[in-house]
>>> print(open('final.cif').read())   # mmCIF, C-alpha atoms
data_model
loop_
_atom_site.group_PDB
_atom_site.id
_atom_site.type_symbol
_atom_site.label_atom_id
_atom_site.label_comp_id
_atom_site.auth_asym_id
_atom_site.auth_seq_id
_atom_site.Cartn_x
_atom_site.Cartn_y
_atom_site.Cartn_z
ATOM 1 C CA MET A 1 -33.786 8.647 -30.267
ATOM 2 C CA THR A 2 -30.588 8.628 -32.263
ATOM 3 C CA PHE A 3 -29.940 12.280 -31.407
ATOM 4 C CA GLY A 4 -29.675 11.441 -27.681
ATOM 5 C CA ALA A 5 -27.391 8.497 -28.407
ATOM 6 C CA GLN A 6 -25.121 10.653 -30.585
ATOM 7 C CA GLU A 7 -24.995 13.348 -27.906
ATOM 8 C CA GLN A 8 -24.153 10.769 -25.239
ATOM 9 C CA GLN A 9 -21.425 9.290 -27.459
ATOM 10 C CA GLN A 10 -19.915 12.762 -28.006
ATOM 11 C CA THR A 11 -19.934 13.334 -24.240
ATOM 12 C CA LEU A 12 -18.160 10.029 -23.663
ATOM 13 C CA ASN A 13 -15.579 10.825 -26.340
ATOM 14 C CA SER A 14 -14.908 14.328 -24.982
ATOM 15 C CA ARG A 15 -14.084 13.049 -21.486
ATOM 16 C CA PRO A 16 -10.406 13.466 -20.609
ATOM 17 C CA PRO A 17 -8.440 10.220 -20.935
ATOM 18 C CA GLY A 18 -7.676 8.424 -17.702
ATOM 19 C CA ARG A 19 -10.509 9.947 -15.697
ATOM 20 C CA GLY A 20 -12.516 6.724 -15.694
ATOM 21 C CA ARG A 21 -9.466 4.758 -14.635
ATOM 22 C CA ALA A 22 -8.838 7.122 -11.719
ATOM 23 C CA ARG A 23 -12.416 6.685 -10.560
ATOM 24 C CA ARG A 24 -11.826 2.963 -10.355
ATOM 25 C CA LEU A 25 -8.310 2.979 -8.923
ATOM 26 C CA VAL A 26 -8.626 5.626 -6.189
ATOM 27 C CA PRO A 27 -11.257 3.728 -4.148
ATOM 28 C CA LEU A 28 -9.275 0.529 -4.635
ATOM 29 C CA GLY A 29 -6.106 2.278 -3.427
ATOM 30 C CA VAL A 30 -7.889 3.645 -0.352
ATOM 31 C CA ALA A 31 -9.232 0.180 0.473
ATOM 32 C CA VAL A 32 -5.776 -1.400 0.095
ATOM 33 C CA TRP A 33 -4.265 1.374 2.256
ATOM 34 C CA ALA A 34 -6.875 0.806 5.008
ATOM 35 C CA VAL A 35 -6.297 -2.959 4.998
ATOM 36 C CA LEU A 36 -2.518 -2.461 5.208
ATOM 37 C CA GLU A 37 -2.918 0.019 8.091
ATOM 38 C CA ILE A 38 -5.099 -2.415 10.067
ATOM 39 C CA TRP A 39 -2.819 -5.363 9.314
ATOM 40 C CA LEU A 40 0.255 -3.424 10.464
ATOM 41 C CA LEU A 41 -1.511 -2.262 13.644
ATOM 42 C CA VAL A 42 -2.459 -5.875 14.443
ATOM 43 C CA LEU A 43 1.142 -7.002 13.870
ATOM 44 C CA VAL A 44 2.529 -4.292 16.164
ATOM 45 C CA ALA A 45 -0.148 -5.028 18.778
ATOM 46 C CA GLY A 46 0.805 -8.708 18.704
ATOM 47 C CA ALA A 47 4.503 -7.927 19.082
ATOM 48 C CA ALA A 48 4.475 -5.003 21.520
ATOM 49 C CA GLY A 49 0.991 -5.032 23.033
ATOM 50 C CA GLY A 50 -2.229 -3.112 22.618
ATOM 51 C CA LEU A 51 -1.205 -0.357 25.027
ATOM 52 C CA THR A 52 1.832 0.423 22.863
ATOM 53 C CA VAL A 53 -0.331 0.717 19.759
ATOM 54 C CA PHE A 54 -2.748 2.997 21.626
ATOM 55 C CA ALA A 55 0.174 5.155 22.797
ATOM 56 C CA LEU A 56 1.506 5.390 19.225
ATOM 57 C CA LEU A 57 -1.895 6.416 17.859
ATOM 58 C CA ALA A 58 -2.523 8.940 20.647
ATOM 59 C CA GLY A 59 0.981 10.365 20.257
ATOM 60 C CA GLY A 60 0.403 10.743 16.512
ATOM 61 C CA VAL A 61 -2.779 12.720 17.116
ATOM 62 C CA ILE A 62 -1.096 14.981 19.682
ATOM 63 C CA VAL A 63 2.025 15.621 17.596
ATOM 64 C CA GLY A 64 -0.031 16.096 14.412
ATOM 65 C CA SER A 65 -2.324 18.655 16.031
ATOM 66 C CA TYR A 66 0.709 20.531 17.388
ATOM 67 C CA VAL A 67 2.346 20.595 13.942
ATOM 68 C CA ILE A 68 -0.822 21.859 12.256
ATOM 69 C CA LYS A 69 -1.344 24.513 14.935
ATOM 70 C CA ARG A 70 2.249 25.723 14.627
ATOM 71 C CA ALA A 71 2.119 25.847 10.822
ATOM 72 C CA GLY A 72 -1.188 27.703 10.908
ATOM 73 C CA ARG A 73 0.172 30.222 13.392
ATOM 74 C CA ARG A 74 3.254 30.772 11.216
ATOM 75 C CA ALA A 75 1.063 31.325 8.120
ATOM 76 C CA TRP A 76 -1.155 33.757 10.036
ATOM 77 C CA GLN A 77 1.863 35.730 11.274
ATOM 78 C CA ARG A 78 3.287 35.910 7.750
ATOM 79 C CA LEU A 79 -0.061 37.113 6.372
ATOM 80 C CA SER A 80 -0.684 39.694 9.102
ATOM 81 C CA GLY A 81 2.909 40.961 8.839
ATOM 82 C CA SER A 82 2.554 41.508 5.117
ATOM 83 C CA PHE A 83 -0.738 43.383 5.617
ATOM 84 C CA GLN A 84 0.821 45.611 8.275
ATOM 85 C CA GLN A 85 3.612 46.500 5.865
ATOM 86 C CA GLY A 86 1.007 47.308 3.227
ATOM 87 C CA ALA A 87 2.412 44.829 0.741
ATOM 88 C CA ALA A 88 0.833 41.857 -0.926
ATOM 89 C CA PRO A 89 1.353 38.558 0.899
ATOM 90 C CA ARG A 90 4.675 37.208 -0.257
ATOM 91 C CA ALA A 91 5.594 33.657 -1.048
ATOM 92 C CA PRO A 92 8.141 32.128 1.322
ATOM 93 C CA GLN A 93 11.758 32.071 0.185
ATOM 94 C CA ASP A 94 13.751 28.869 -0.281
ATOM 95 C CA GLY A 95 15.390 29.158 3.131
ATOM 96 C CA GLU A 96 12.046 29.519 4.912
ATOM 97 C CA GLY A 97 10.877 26.017 4.173
ATOM 98 C CA GLY A 98 8.720 26.775 1.141
ATOM 99 C CA GLY A 99 5.396 27.332 2.817
ATOM 100 C CA ASN A 100 3.154 25.365 5.060
ATOM 101 C CA ALA A 101 1.309 23.031 2.712
ATOM 102 C CA LEU A 102 3.544 20.002 3.222
ATOM 103 C CA THR A 103 3.911 20.754 6.926
ATOM 104 C CA MET A 104 0.139 20.799 7.355
ATOM 105 C CA LEU A 105 -0.209 17.668 5.221
ATOM 106 C CA GLY A 106 2.388 15.967 7.420
ATOM 107 C CA GLY A 107 0.483 16.979 10.560
ATOM 108 C CA LEU A 108 -2.774 15.718 9.075
ATOM 109 C CA LEU A 109 -1.182 12.404 8.140
ATOM 110 C CA LEU A 110 0.154 12.079 11.681
ATOM 111 C CA MET A 111 -3.363 12.582 13.024
ATOM 112 C CA VAL A 112 -4.839 9.852 10.795
ATOM 113 C CA PRO A 113 -4.770 6.579 12.747
ATOM 114 C CA GLY A 114 -2.237 4.186 11.314
ATOM 115 C CA LEU A 115 1.475 3.616 11.113
ATOM 116 C CA ILE A 116 1.866 3.958 7.333
ATOM 117 C CA SER A 117 0.195 7.373 7.393
ATOM 118 C CA ASP A 118 2.417 8.342 10.337
ATOM 119 C CA MET A 119 5.519 7.449 8.315
ATOM 120 C CA ALA A 120 4.233 9.444 5.333
ATOM 121 C CA GLY A 121 3.537 12.379 7.670
ATOM 122 C CA LEU A 122 7.059 12.219 9.088
ATOM 123 C CA LEU A 123 8.454 12.215 5.532
ATOM 124 C CA CYS A 124 6.507 15.421 4.876
ATOM 125 C CA LEU A 125 7.978 16.988 8.031
ATOM 126 C CA PHE A 126 11.626 15.946 7.634
ATOM 127 C CA PRO A 127 13.340 18.815 5.710
ATOM 128 C CA PRO A 128 15.339 16.808 3.105
ATOM 129 C CA THR A 129 12.404 14.605 2.128
ATOM 130 C CA ARG A 130 10.027 17.586 2.251
ATOM 131 C CA ALA A 131 12.251 19.417 -0.265
ATOM 132 C CA LEU A 132 12.323 16.320 -2.478
ATOM 133 C CA ILE A 133 8.529 15.954 -2.329
ATOM 134 C CA ARG A 134 8.093 19.672 -3.091
ATOM 135 C CA ARG A 135 10.410 19.558 -6.120
ATOM 136 C CA THR A 136 8.695 16.452 -7.464
ATOM 137 C CA ALA A 137 5.231 17.947 -6.983
ATOM 138 C CA GLU A 138 6.248 21.230 -8.613
ATOM 139 C CA ARG A 139 7.672 19.384 -11.589
ATOM 140 C CA LYS A 140 4.509 17.308 -12.001
ATOM 141 C CA LEU A 141 2.144 20.241 -11.507
ATOM 142 C CA THR A 142 4.118 22.465 -13.874
ATOM 143 C CA GLY A 143 3.630 19.875 -16.600
ATOM 144 C CA TYR A 144 -0.123 19.730 -15.989
ATOM 145 C CA THR A 145 -0.627 23.486 -15.859
ATOM 146 C CA ALA A 146 1.438 24.014 -19.006
ATOM 147 C CA GLN A 147 -0.902 21.634 -20.832
ATOM 148 C CA ALA A 148 -4.076 23.159 -19.401
ATOM 149 C CA ALA A 149 -3.565 26.920 -19.686
ATOM 150 C CA PRO A 150 -0.341 28.884 -19.672
ATOM 151 C CA GLY A 151 -0.045 31.660 -17.130
ATOM 152 C CA THR A 152 -1.302 32.200 -13.645
ATOM 153 C CA LEU A 153 -4.577 31.314 -12.009
ATOM 154 C CA GLY A 154 -5.789 34.857 -12.669
ATOM 155 C CA ASP A 155 -5.136 34.380 -16.402
ATOM 156 C CA ALA A 156 -7.147 31.176 -16.354
ATOM 157 C CA PHE A 157 -10.005 32.930 -14.553
ATOM 158 C CA GLN A 158 -10.016 35.749 -17.107
ATOM 159 C CA GLN A 159 -10.061 33.232 -19.943
ATOM 160 C CA ALA A 160 -13.030 31.482 -18.330
ATOM 161 C CA GLN A 161 -14.861 34.805 -17.949
ATOM 162 C CA ARG A 162 -14.266 35.652 -21.617
ATOM 163 C CA ALA A 163 -15.514 32.217 -22.643
ATOM 164 C CA ARG A 164 -18.763 32.725 -20.721
ATOM 165 C CA MET A 165 -19.476 35.988 -22.510
ATOM 166 C CA ARG A 166 -19.306 34.432 -25.945
ATOM 167 C CA GLN A 167 -21.527 31.974 -27.730
ATOM 168 C CA PRO A 168 -20.006 28.735 -29.061
ATOM 169 C CA ASP A 169 -19.907 30.209 -32.579
ATOM 170 C CA GLY A 170 -17.784 33.128 -31.329
ATOM 171 C CA LYS A 171 -20.456 35.832 -31.389
ATOM 172 C CA VAL A 172 -20.536 38.222 -28.462
ATOM 173 C CA VAL A 173 -23.940 38.509 -26.851
ATOM 174 C CA GLN A 174 -24.833 42.147 -26.188
ATOM 175 C CA GLY A 175 -27.339 42.839 -23.463
ATOM 176 C CA GLU A 176 -28.783 45.455 -21.210
ATOM 177 C CA VAL A 177 -30.387 45.045 -17.813
ATOM 178 C CA ILE A 178 -33.440 47.183 -17.105
ATOM 179 C CA ARG A 179 -34.659 47.212 -13.544
ATOM 180 C CA GLU A 180 -38.282 47.959 -12.891
ATOM 181 C CA ASP A 181 -39.400 48.538 -9.343
ATOM 182 C CA ARG A 182 -43.054 47.845 -10.058
ATOM 183 C CA PRO A 183 -44.483 44.725 -11.673
ATOM 184 C CA PRO A 184 -45.164 44.958 -15.382
ATOM 185 C CA SER A 185 -48.618 46.131 -16.331
ATOM 186 C CA PRO A 186 -50.798 43.666 -18.253
ATOM 187 C CA ARG A 187 -50.654 44.024 -21.984
ATOM 188 C CA THR A 188 -53.776 45.270 -23.681
ATOM 189 C CA ASP A 189 -53.689 42.742 -26.501
ATOM 190 C CA ASP A 190 -53.782 39.759 -24.089
ATOM 191 C CA PRO A 191 -57.192 38.170 -23.532
ATOM 192 C CA GLN A 192 -58.548 38.945 -20.083
ATOM 193 C CA LEU A 193 -59.316 35.986 -17.884
ATOM 194 C CA PRO A 194 -62.605 35.969 -15.974
ATOM 195 C CA ARG A 195 -62.309 36.608 -12.278
#
>>> encode(input="final.cif", output="structure tokens")
Amino acid sequence: MTFGAQEQQQTLNSRPPGRGRARRLVPLGVAVWAVLEIWLLVLVAGAAGGLTVFALLAGGVIVGSYVIKRAGRRAWQRLSGSFQQGAAPRAPQDGEGGGNALTMLGGLLLMVPGLISDMAGLLCLFPPTRALIRRTAERKLTGYTAQAAPGTLGDAFQQAQRARMRQPDGKVVQGEVIREDRPPSPRTDDPQLPR
């Protein structure tokens, strides 16, 4: 009985700090965001009318789908162009807008019904704020990846593969796979069961 309790306590202690807090705060943040979106829509509907709110929401869906389609087409053209040249897909340069992630996020936020999400989507699409968001995200993510594992994603994958091939005490497990096409024959020293 105490072994299970000790194991559970070790599991609780080995959990990364802040993970439990995020599990509590993210649903609360989503609920607060939804209430604010509805409250703002009701305020605008009271001031400008329900048809205006419907037009804003429909326009957001149309513009957001156009933005996502355009960004996807641009990414596809970049990928197919790099394959036709025989080179690896290249990352976009600074003058090219830095990729499509924030553009697609902006289009998705425009498609989500609500005025706050529409404003956040427009901030992701407007070039000066998009550059600011990108720099901030890169700075934050660089700090997290430097703590986790230095190097690229491929380095992290190779480290994970090496970790799987070793036992916790550091010993390498040697093995050999033998494929037999027919089922194993019964051993002669096993007692035979009556049929």
>>> closest_atom_pairs(input="final.cif", of="stretch 97-141 of chain A", to="stretch 48-57 of chain A", cutoff="8 Å", atoms="only C-alpha atoms", output="CSV")
residue,atom,partner,partner_atom,distance
A:Met111,CA,A:Leu57,CA,8.0
A:Pro113,CA,A:Leu57,CA,5.9
A:Gly114,CA,A:Leu57,CA,6.9
>>> resolve_selection(input="final.cif", expression="the PyMOL selection byres ((chain A and resi 72) around 12)", output="MDAnalysis selection string")
chainID A and resid 65:71 73:79 99:105 107
>>> write_last_selection(input="final.cif", atoms="C-alpha atoms", output="PDB file, in the coordinates of the input")
ATOM      1  CA  SER A  65      -2.324  18.655  16.031  1.00  0.00           C
ATOM      2  CA  TYR A  66       0.709  20.531  17.388  1.00  0.00           C
ATOM      3  CA  VAL A  67       2.346  20.595  13.942  1.00  0.00           C
ATOM      4  CA  ILE A  68      -0.822  21.859  12.256  1.00  0.00           C
ATOM      5  CA  LYS A  69      -1.344  24.513  14.935  1.00  0.00           C
ATOM      6  CA  ARG A  70       2.249  25.723  14.627  1.00  0.00           C
ATOM      7  CA  ALA A  71       2.119  25.847  10.822  1.00  0.00           C
ATOM      8  CA  ARG A  73       0.172  30.222  13.392  1.00  0.00           C
ATOM      9  CA  ARG A  74       3.254  30.772  11.216  1.00  0.00           C
ATOM     10  CA  ALA A  75       1.063  31.325   8.120  1.00  0.00           C
ATOM     11  CA  TRP A  76      -1.155  33.757  10.036  1.00  0.00           C
ATOM     12  CA  GLN A  77       1.863  35.730  11.274  1.00  0.00           C
ATOM     13  CA  ARG A  78       3.287  35.910   7.750  1.00  0.00           C
ATOM     14  CA  LEU A  79      -0.061  37.113   6.372  1.00  0.00           C
ATOM     15  CA  GLY A  99       5.396  27.332   2.817  1.00  0.00           C
ATOM     16  CA  ASN A 100       3.154  25.365   5.060  1.00  0.00           C
ATOM     17  CA  ALA A 101       1.309  23.031   2.712  1.00  0.00           C
ATOM     18  CA  LEU A 102       3.544  20.002   3.222  1.00  0.00           C
ATOM     19  CA  THR A 103       3.911  20.754   6.926  1.00  0.00           C
ATOM     20  CA  MET A 104       0.139  20.799   7.355  1.00  0.00           C
ATOM     21  CA  LEU A 105      -0.209  17.668   5.221  1.00  0.00           C
ATOM     22  CA  GLY A 107       0.483  16.979  10.560  1.00  0.00           C
TER      23      GLY A 107
END
>>> atom_distance(input="final.cif", atom1="atom CA of A:Val112", atom2="atom CA of A:Arg135")
24.8 Å
>>> residues_around(input="final.cif", residues="A:Ala34", least_positions_apart="6", cutoff="12 Å", atoms="only C-alpha atoms", output="PyMOL selection string")
chain A and resi 27-28+40-41+112-117
>>> atom_distance(input="final.cif", atom1="atom CA of A:Gly59", atom2="atom CA of A:Thr129")
21.8 Å
>>> atom_distance(input="final.cif", atom1="atom CA of A:Leu108", atom2="atom CA of A:Val44")
21.9 Å
